[in-house]
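Below: target-v8.cif (mmCIF, C-alpha atoms)
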```cif
data_input
#
loop_
_atom_site.label_atom_id
_atom_site.label_comp_id
_atom_site.auth_asym_id
_atom_site.auth_seq_id
_atom_site.Cartn_x
_atom_site.Cartn_y
_atom_site.Cartn_z
CA MET T 25 -2.03 19.12 -68.28
CA SER T 26 0.00 22.33 -68.08
CA ASP T 27 -0.48 24.92 -65.35
CA PRO T 28 1.38 28.24 -65.17
CA VAL T 29 1.72 27.98 -61.37
CA PHE T 30 3.73 24.80 -61.59
CA SER T 31 6.85 23.73 -63.45
CA ARG T 32 8.32 20.38 -64.37
CA LEU T 33 10.49 18.49 -61.94
CA SER T 34 14.09 19.47 -62.32
CA SER T 35 16.31 17.64 -59.84
CA GLY T 36 13.93 14.97 -58.59
CA ARG T 37 11.74 17.40 -56.68
CA ALA T 38 9.13 19.92 -57.78
CA PRO T 39 9.44 23.55 -56.73
CA VAL T 40 7.10 24.52 -53.92
CA PRO T 41 4.01 26.26 -55.34
CA SER T 42 3.87 29.83 -54.07
CA GLN T 43 0.59 29.35 -52.18
CA ILE T 44 1.86 26.42 -50.08
CA ASP T 45 2.70 27.00 -46.43
CA THR T 46 5.37 24.39 -45.70
CA SER T 47 5.20 25.23 -41.98
CA VAL T 48 1.87 23.39 -41.81
CA PRO T 49 1.83 19.59 -42.17
CA SER T 50 0.18 18.16 -45.27
CA ILE T 51 -1.61 14.81 -45.27
CA ALA T 52 -0.10 13.96 -48.66
CA ARG T 53 3.45 14.82 -47.57
CA VAL T 54 3.10 13.02 -44.23
CA TYR T 55 1.96 9.93 -46.10
CA ASP T 56 4.89 10.31 -48.49
CA TYR T 57 7.29 10.42 -45.52
CA LEU T 58 5.76 7.30 -43.97
CA LEU T 59 6.13 5.49 -47.30
CA GLY T 60 9.81 6.40 -47.47
CA GLY T 61 9.46 9.22 -50.01
CA LYS T 62 11.40 12.49 -50.17
CA ASP T 63 8.74 15.13 -50.77
CA HIS T 64 8.17 16.46 -47.26
CA TYR T 65 9.22 19.29 -44.98
CA GLU T 66 10.01 19.75 -41.30
CA ALA T 67 6.38 20.28 -40.30
CA ASP T 68 5.49 16.97 -41.96
CA ARG T 69 8.39 15.16 -40.30
CA GLN T 70 7.43 16.54 -36.90
CA SER T 71 3.87 15.30 -37.40
CA CYS T 72 5.27 11.87 -38.26
CA ARG T 73 7.53 11.85 -35.22
CA THR T 74 4.49 12.46 -33.04
CA MET T 75 2.74 9.47 -34.59
CA LEU T 76 5.83 7.28 -34.42
CA GLU T 77 6.26 8.03 -30.73
CA ALA T 78 2.67 6.94 -30.14
CA VAL T 79 2.63 3.92 -32.48
CA PRO T 80 6.00 2.88 -33.96
CA GLU T 81 4.18 0.71 -36.52
CA THR T 82 2.65 3.77 -38.23
CA PRO T 83 4.86 3.41 -41.36
CA LEU T 84 3.74 -0.21 -41.63
CA LEU T 85 0.10 0.94 -41.60
CA ALA T 86 0.82 3.41 -44.42
CA LYS T 87 2.53 0.71 -46.49
CA ALA T 88 -0.30 -1.73 -45.76
CA ASN T 89 -2.84 0.84 -46.92
CA ARG T 90 -0.90 1.28 -50.16
CA ALA T 91 -0.67 -2.48 -50.63
CA PHE T 92 -4.42 -2.76 -50.05
CA LEU T 93 -5.01 -0.13 -52.74
CA ARG T 94 -2.90 -2.07 -55.24
CA ARG T 95 -4.72 -5.33 -54.45
CA ALA T 96 -8.07 -3.57 -54.81
CA VAL T 97 -7.09 -2.24 -58.24
CA ARG T 98 -5.92 -5.68 -59.35
CA TYR T 99 -9.24 -7.15 -58.19
CA LEU T 100 -11.34 -4.44 -59.84
CA VAL T 101 -9.51 -4.47 -63.16
CA GLY T 102 -8.26 -8.03 -63.34
CA GLU T 103 -11.13 -9.98 -61.79
CA VAL T 104 -14.36 -8.04 -62.33
CA GLY T 105 -13.42 -6.07 -65.45
CA VAL T 106 -13.73 -2.46 -64.31
CA ARG T 107 -12.14 -0.15 -66.87
CA GLN T 108 -12.67 3.24 -65.21
CA LEU T 109 -11.17 4.32 -61.86
CA VAL T 110 -11.52 7.55 -59.86
CA ASP T 111 -8.85 7.90 -57.14
CA ILE T 112 -10.01 10.61 -54.72
CA GLY T 113 -7.37 12.04 -52.40
CA SER T 114 -4.70 10.29 -54.44
CA GLY T 115 -1.71 11.91 -52.73
CA LEU T 116 1.78 12.30 -54.13
CA PRO T 117 2.80 9.94 -56.94
CA THR T 118 4.75 6.95 -55.66
CA ALA T 119 5.75 3.47 -56.73
CA GLY T 120 2.79 1.37 -57.79
CA ASN T 121 0.45 4.20 -58.76
CA VAL T 122 -3.12 3.24 -59.61
CA HIS T 123 -2.73 3.81 -63.35
CA GLU T 124 0.46 1.73 -63.41
CA VAL T 125 -1.17 -1.23 -61.67
CA ALA T 126 -4.37 -0.98 -63.73
CA GLN T 127 -2.78 -0.37 -67.11
CA ARG T 128 -0.37 -3.23 -66.61
CA ILE T 129 -3.48 -5.40 -66.83
CA ASP T 130 -5.16 -3.40 -69.61
CA PRO T 131 -3.52 -0.31 -71.16
CA GLU T 132 -6.96 1.08 -72.02
CA VAL T 133 -8.09 1.48 -68.39
CA ARG T 134 -8.95 5.11 -67.68
CA VAL T 135 -7.79 6.64 -64.39
CA LEU T 136 -8.71 10.00 -62.91
CA TYR T 137 -6.72 11.25 -59.93
CA THR T 138 -8.07 13.99 -57.64
CA ASP T 139 -6.51 15.85 -54.72
CA ASN T 140 -7.00 19.21 -53.03
CA ASP T 141 -3.30 19.74 -52.22
CA PRO T 142 -1.58 22.02 -54.80
CA ILE T 143 1.77 20.34 -54.20
CA VAL T 144 0.22 17.05 -55.32
CA LEU T 145 -0.76 18.76 -58.56
CA ALA T 146 2.76 20.09 -59.00
CA HIS T 147 4.25 16.63 -58.77
CA GLY T 148 1.41 14.80 -60.47
CA ARG T 149 1.36 17.03 -63.51
CA ALA T 150 5.11 16.63 -63.83
CA LEU T 151 5.19 12.86 -63.42
CA LEU T 152 1.88 11.43 -64.61
CA PRO T 153 1.37 10.69 -68.30
CA ALA T 154 -0.56 13.36 -70.19
CA ASP T 155 -2.57 11.07 -72.45
CA GLU T 156 -6.07 9.89 -73.28
CA THR T 157 -6.29 7.44 -70.38
CA THR T 158 -4.98 9.32 -67.33
CA GLY T 159 -5.94 12.66 -65.80
CA LEU T 160 -5.53 14.74 -62.65
CA ILE T 161 -7.78 17.45 -61.23
CA HIS T 162 -7.70 19.79 -58.25
CA ALA T 163 -10.80 18.85 -56.25
CA ASP T 164 -11.93 18.19 -52.70
CA LEU T 165 -13.38 14.98 -51.32
CA ARG T 166 -15.96 17.04 -49.43
CA ASP T 167 -17.53 18.19 -52.73
CA PRO T 168 -18.15 14.99 -54.73
CA ASP T 169 -20.39 16.74 -57.25
CA ALA T 170 -17.56 19.08 -58.24
CA ILE T 171 -15.37 16.02 -58.85
CA PHE T 172 -17.86 14.16 -61.02
CA ASP T 173 -18.99 17.27 -62.92
CA ASP T 174 -15.46 18.44 -63.76
CA PRO T 175 -14.79 18.50 -67.53
CA GLU T 176 -11.73 16.27 -67.13
CA THR T 177 -13.81 13.72 -65.26
CA ARG T 178 -16.43 13.79 -67.99
CA ARG T 179 -13.67 13.35 -70.58
CA LEU T 180 -12.27 10.24 -68.93
CA ILE T 181 -15.18 8.63 -67.10
CA ASP T 182 -18.41 7.48 -68.77
CA PRO T 183 -21.01 7.78 -65.96
CA ASP T 184 -23.29 5.26 -67.65
CA ARG T 185 -20.71 2.48 -67.52
CA PRO T 186 -19.44 0.83 -64.32
CA PHE T 187 -16.57 2.63 -62.65
CA ALA T 188 -14.88 2.37 -59.27
CA VAL T 189 -14.15 5.11 -56.77
CA LEU T 190 -11.07 4.62 -54.60
CA LEU T 191 -10.95 6.27 -51.16
CA GLY T 192 -7.63 5.04 -49.81
CA GLY T 193 -7.02 6.41 -46.31
CA ILE T 194 -8.88 9.67 -46.87
CA LEU T 195 -12.28 9.54 -45.12
CA MET T 196 -10.37 9.06 -41.87
CA HIS T 197 -9.17 12.67 -42.10
CA LEU T 198 -12.68 14.16 -42.14
CA GLU T 199 -13.93 15.58 -38.87
CA ALA T 200 -17.37 14.57 -37.64
CA GLU T 201 -18.80 17.97 -38.62
CA GLU T 202 -17.56 17.39 -42.18
CA ASP T 203 -20.04 14.50 -42.38
CA PRO T 204 -18.01 11.58 -43.75
CA ASP T 205 -21.18 9.44 -43.95
CA GLY T 206 -22.84 12.09 -46.09
CA VAL T 207 -19.76 12.42 -48.31
CA ALA T 208 -19.71 8.66 -48.86
CA ALA T 209 -23.45 8.68 -49.59
CA ARG T 210 -23.06 11.37 -52.26
CA ILE T 211 -20.30 9.35 -53.88
CA ARG T 212 -22.44 6.20 -53.83
CA ASP T 213 -25.27 8.18 -55.44
CA ARG T 214 -23.01 8.93 -58.41
CA LEU T 215 -22.09 5.29 -58.95
CA PRO T 216 -23.97 3.51 -61.74
CA SER T 217 -25.34 0.02 -61.30
CA GLY T 218 -22.35 -2.31 -61.23
CA GLY T 219 -20.06 0.43 -59.92
CA TYR T 220 -17.73 -0.07 -56.95
CA LEU T 221 -16.59 1.86 -53.90
CA MET T 222 -13.30 1.04 -52.17
CA ALA T 223 -12.54 2.60 -48.79
CA SER T 224 -9.80 1.96 -46.24
CA ASN T 225 -9.26 3.86 -43.01
CA THR T 226 -7.78 3.71 -39.55
CA CYS T 227 -10.01 1.93 -37.06
CA ASP T 228 -11.00 2.68 -33.50
CA THR T 229 -10.51 -0.79 -32.07
CA GLY T 230 -10.97 0.36 -28.48
CA GLU T 231 -7.41 -0.69 -27.73
CA PRO T 232 -4.75 1.64 -26.24
CA HIS T 233 -2.79 1.64 -29.52
CA ALA T 234 -5.80 3.06 -31.35
CA ARG T 235 -6.34 5.78 -28.75
CA ASP T 236 -2.63 6.67 -28.84
CA LEU T 237 -2.61 6.96 -32.63
CA ALA T 238 -5.83 9.03 -32.63
CA ARG T 239 -4.23 11.42 -30.13
CA ALA T 240 -1.08 11.62 -32.26
CA PHE T 241 -3.18 12.34 -35.37
CA ALA T 242 -4.80 15.26 -33.59
CA GLU T 243 -1.51 16.60 -32.21
CA GLY T 244 0.13 16.19 -35.62
CA GLY T 245 -2.55 18.14 -37.46
CA MET T 246 -3.98 15.14 -39.32
CA GLY T 247 -7.48 15.46 -37.90
CA SER T 248 -9.04 15.12 -34.47
CA ASN T 249 -11.95 12.96 -33.39
CA CYS T 250 -11.88 11.11 -36.72
CA PHE T 251 -10.97 7.53 -35.77
CA ARG T 252 -14.12 5.45 -36.24
CA THR T 253 -15.16 1.94 -35.30
CA ARG T 254 -15.78 -0.81 -37.81
CA GLU T 255 -19.53 -0.47 -37.20
CA GLN T 256 -19.37 3.24 -37.97
CA GLN T 257 -17.34 2.64 -41.13
CA LEU T 258 -19.79 0.06 -42.42
CA HIS T 259 -22.13 2.99 -43.15
CA TYR T 260 -19.76 4.10 -45.92
CA PHE T 261 -21.04 1.06 -47.83
CA ASP T 262 -24.77 1.40 -47.14
CA GLY T 263 -26.77 -0.04 -50.02
CA LEU T 264 -23.72 -1.77 -51.53
CA GLU T 265 -22.91 -5.47 -51.66
CA LEU T 266 -19.65 -6.02 -49.78
CA ILE T 267 -17.14 -8.12 -51.65
CA GLU T 268 -15.77 -11.01 -49.60
CA PRO T 269 -14.22 -10.96 -47.04
CA GLY T 270 -16.04 -7.71 -46.22
CA LEU T 271 -14.73 -4.88 -44.06
CA VAL T 272 -11.65 -6.35 -42.42
CA PRO T 273 -8.09 -5.40 -41.42
CA ASN T 274 -6.01 -4.83 -44.52
CA ASN T 275 -3.88 -7.92 -43.91
CA GLN T 276 -7.03 -10.07 -44.08
CA TRP T 277 -8.36 -8.70 -47.38
CA ARG T 278 -7.10 -11.18 -50.00
CA PRO T 279 -3.44 -10.90 -48.90
CA ASP T 280 -0.67 -11.67 -51.35
CA GLU T 281 3.11 -11.54 -51.49
CA ASP T 282 2.93 -7.76 -51.95
CA PHE T 283 1.73 -7.28 -48.37
CA PRO T 284 4.24 -6.09 -45.72
CA ASP T 285 4.70 -8.01 -42.45
CA PRO T 286 1.28 -9.71 -42.72
CA GLN T 287 1.22 -11.19 -39.21
CA ASN T 288 1.85 -7.94 -37.36
CA PRO T 289 -1.05 -7.28 -34.93
CA ALA T 290 -0.87 -3.55 -35.68
CA HIS T 291 -2.78 -4.22 -38.91
CA ALA T 292 -5.98 -4.29 -36.85
CA LEU T 293 -5.66 -0.48 -36.73
CA HIS T 294 -6.44 -0.14 -40.46
CA ILE T 295 -9.43 -1.72 -42.22
CA GLY T 296 -10.79 -1.70 -45.74
CA ALA T 297 -13.41 -3.09 -48.07
CA ILE T 298 -14.90 -2.91 -51.55
CA GLY T 299 -18.63 -2.62 -52.13
CA ARG T 300 -20.60 -3.12 -55.36
CA LYS T 301 -23.72 -1.15 -56.27
CA PRO T 302 -26.50 -3.56 -57.33
#
```
Once more with this new file: its structure as structure tokens, please.
Amino acid sequence: MSDPVFSRLSSGRAPVPSQIDTSVPSIARVYDYLLGGKDHYEADRQSCRTMLEAVPETPLLAKANRAFLRRAVRYLVGEVGVRQLVDIGSGLPTAGNVHEVAQRIDPEVRVLYTDNDPIVLAHGRALLPADETTGLIHADLRDPDAIFDDPETRRLIDPDRPFAVLLGGILMHLEAEEDPDGVAARIRDRLPSGGYLMASNTCDTGEPHARDLARAFAEGGMGSNCFRTREQQLHYFDGLELIEPGLVPNNQWRPDEDFPDPQNPAHALHIGAIGRKP
């Protein structure tokens, strides 16, 4: 898990890799800020301020997305017995990481994290366990084949046994010309029978709040013209059997005590689902 570009965390924060431009906001660091983390810079904070001015509940949506991810992992590992997880666009390590939730249920669950942000690798390789069950690779959501053909993926994930792919709040950052439907389709093609796809994203509800947040995303450098309706997002699960209750706001997907402010109407702005490949 070593990499000469990166060094171990020293005082609670990794050094900035030399190729990172901290004057440009990073999706991973913006998300970290919204979750209450410390690994962000002024460009990230300014992007967040733009979103907060538009929709003050934006941090709640980030926390709800994270809570949805944890519930999805508990369902996949604890209820249907999945023992292999691929977390694409995993972001910076934070409390309740996928491997922690999954391996609390079964220590033998294998987890592969992927991200295209070098600063995520710096922190992940310093903080994540370097063992036989957990790995991290530098890869891009827009090239699923590179993810699944990577040697570390092949080491951890048996493609002939059911595994789950987790896309937590990442497809929503792809522009229309980056073909999010096609990306999701290529990921579904790599799933074996009995495999699962989890996806959660912001939703174009048609309400002013949604339009305001979409505008703030674009102004904050998080992607323009990428908020999609529920009907559009259903295509991410084409050919899969949606697990009940289907594609719904995160606060309606099997909520538990882990979920923040469950009655807040802002949750309609973020939806998620899990689909199973027959």
Check your understanding: Got a sec to resolve the PyMOL selection byres ((chain T and resi 177) around 10) on this structure and send the residues as a list of chain:residue names?
Key ->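 Applied to this file, the PyMOL selection byres ((chain T and resi 177) around 10) selects T:Val110, T:Val135, T:Leu136, T:Tyr137, T:Thr138, T:Gly159, T:Leu160, T:Ile161, T:Ala170, T:Ile171, T:Phe172, T:Asp173, T:Asp174, T:Pro175, T:Glu176, T:Arg178, T:Arg179, T:Leu180, T:Ile181, T:Asp182, T:Pro183.
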I need the residues from that last selection saved to file as a PDB file, in the frame of the given file (with C-alpha atoms), if you can.
```
ATOM      1  CA  VAL T 110     -11.520   7.550 -59.860  1.00  0.00           C
ATOM      2  CA  VAL T 135      -7.790   6.640 -64.390  1.00  0.00           C
ATOM      3  CA  LEU T 136      -8.710  10.000 -62.910  1.00  0.00           C
ATOM      4  CA  TYR T 137      -6.720  11.250 -59.930  1.00  0.00           C
ATOM      5  CA  THR T 138      -8.070  13.990 -57.640  1.00  0.00           C
ATOM      6  CA  GLY T 159      -5.940  12.660 -65.800  1.00  0.00           C
ATOM      7  CA  LEU T 160      -5.530  14.740 -62.650  1.00  0.00           C
ATOM      8  CA  ILE T 161      -7.780  17.450 -61.230  1.00  0.00           C
ATOM      9  CA  ALA T 170     -17.560  19.080 -58.240  1.00  0.00           C
ATOM     10  CA  ILE T 171     -15.370  16.020 -58.850  1.00  0.00           C
ATOM     11  CA  PHE T 172     -17.860  14.160 -61.020  1.00  0.00           C
ATOM     12  CA  ASP T 173     -18.990  17.270 -62.920  1.00  0.00           C
ATOM     13  CA  ASP T 174     -15.460  18.440 -63.760  1.00  0.00           C
ATOM     14  CA  PRO T 175     -14.790  18.500 -67.530  1.00  0.00           C
ATOM     15  CA  GLU T 176     -11.730  16.270 -67.130  1.00  0.00           C
ATOM     16  CA  ARG T 178     -16.430  13.790 -67.990  1.00  0.00           C
ATOM     17  CA  ARG T 179     -13.670  13.350 -70.580  1.00  0.00           C
ATOM     18  CA  LEU T 180     -12.270  10.240 -68.930  1.00  0.00           C
ATOM     19  CA  ILE T 181     -15.180   8.630 -67.100  1.00  0.00           C
ATOM     20  CA  ASP T 182     -18.410   7.480 -68.770  1.00  0.00           C
ATOM     21  CA  PRO T 183     -21.010   7.780 -65.960  1.00  0.00           C
TER      22      PRO T 183
END
```
Review point. So which one's closest to T:His291, T:Glu81, T:Asp45, T:Asp141, T:Asp167? Using only C-alpha atoms, please.
Key: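 Looking only at the distances to T:His291, the closest residue turns out to be T:Glu81.
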Practice item. List the neighbours of T:Val189 out to 7 Å using only C-alpha atoms; skip same-chain residues closer than 5 positions along the sequence, and give me the result as a ChimeraX atom specification. Key: /T:109-111,220-222
Review point. Counting all atoms listed in the file, what is within 9 Å of stretch 55-72 of chain T, bar same-chain residues fewer than 3 positions away, as a ChimeraX atom specification?
Key: /T:37-38,46-52,75-77,82-87,90,115-118,240-241,243-246
Check your understanding: For the point (-6.3, -8.1, -43.4) in file coordinates, what residues are within 9 Å, counting all atoms listed in the file? Give the answer as JSON, numbers by chain?
Key -> {"T": [92, 272, 273, 274, 275, 276, 277, 278, 279, 286, 291, 292, 294, 295, 296]}
Exercise for review: Point out the residue among T:Ala78, T:Ala297, T:Leu191, T:Glu103 with the least atom-to-atom distance to T:Glu268, counting only C-alpha atoms.
Suggested key: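 Of T:Ala78, T:Ala297, T:Leu191, T:Glu103, the one nearest T:Glu268, counting only C-alpha atoms, is T:Ala297.
When atom CA of T:His123 is paired with atom CA of T:Leu198, their separation reads 25.6 Å.
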Point to revise | Atom-to-atom span, atom CA of T:Arg149 and atom CA of T:Gly120, Å | key: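 Answer for the atom CA of T:Arg149 to atom CA of T:Gly120 separation: 16.7 Å.
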Review point. Using all atoms listed in the file, which residue out of T:Arg53, T:Arg94, T:Arg134, T:Arg166 lies closest to T:Gly206?
Key: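 Once distances to T:Gly206 are computed over all atoms listed in the file, the minimum belongs to T:Arg166.
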Exercise for review: For T:Leu266, work out the shell of residues within 8 Å, counting only C-alpha atoms and skipping chain neighbours fewer than 5 positions away, then give it as number ranges by chain.
Suggested key: T: 261, 271, 297-300
Practice item. Might you spell out which residues the PyMOL selection byres ((chain T and resi 259) around 10) would select in the displayed file, as a VMD selection string? Key: chain T and resid 204 to 206 208 to 209 254 to 258 260 to 264
Take the residues from that selection and write them out as an mmCIF file, in the frame of the given file, keeping C-alpha atoms.
```
data_model
loop_
_atom_site.group_PDB
_atom_site.id
_atom_site.type_symbol
_atom_site.label_atom_id
_atom_site.label_comp_id
_atom_site.auth_asym_id
_atom_site.auth_seq_id
_atom_site.Cartn_x
_atom_site.Cartn_y
_atom_site.Cartn_z
ATOM 1 C CA PRO T 204 -18.010 11.580 -43.750
ATOM 2 C CA ASP T 205 -21.180 9.440 -43.950
ATOM 3 C CA GLY T 206 -22.840 12.090 -46.090
ATOM 4 C CA ALA T 208 -19.710 8.660 -48.860
ATOM 5 C CA ALA T 209 -23.450 8.680 -49.590
ATOM 6 C CA ARG T 254 -15.780 -0.810 -37.810
ATOM 7 C CA GLU T 255 -19.530 -0.470 -37.200
ATOM 8 C CA GLN T 256 -19.370 3.240 -37.970
ATOM 9 C CA GLN T 257 -17.340 2.640 -41.130
ATOM 10 C CA LEU T 258 -19.790 0.060 -42.420
ATOM 11 C CA TYR T 260 -19.760 4.100 -45.920
ATOM 12 C CA PHE T 261 -21.040 1.060 -47.830
ATOM 13 C CA ASP T 262 -24.770 1.400 -47.140
ATOM 14 C CA GLY T 263 -26.770 -0.040 -50.020
ATOM 15 C CA LEU T 264 -23.720 -1.770 -51.530
#
```
Review point. What is the atom CA of T:Asp285-atom CA of T:Thr74 distance in Å, reported with one decimal?
Key: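 It comes out at 22.5 Å.
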Review point. Pick the closest to T:Ala96 from T:Ser224, T:Asn288, T:Thr158, T:Asn140: which is it, counting only C-alpha atoms?
Key: T:Ser224
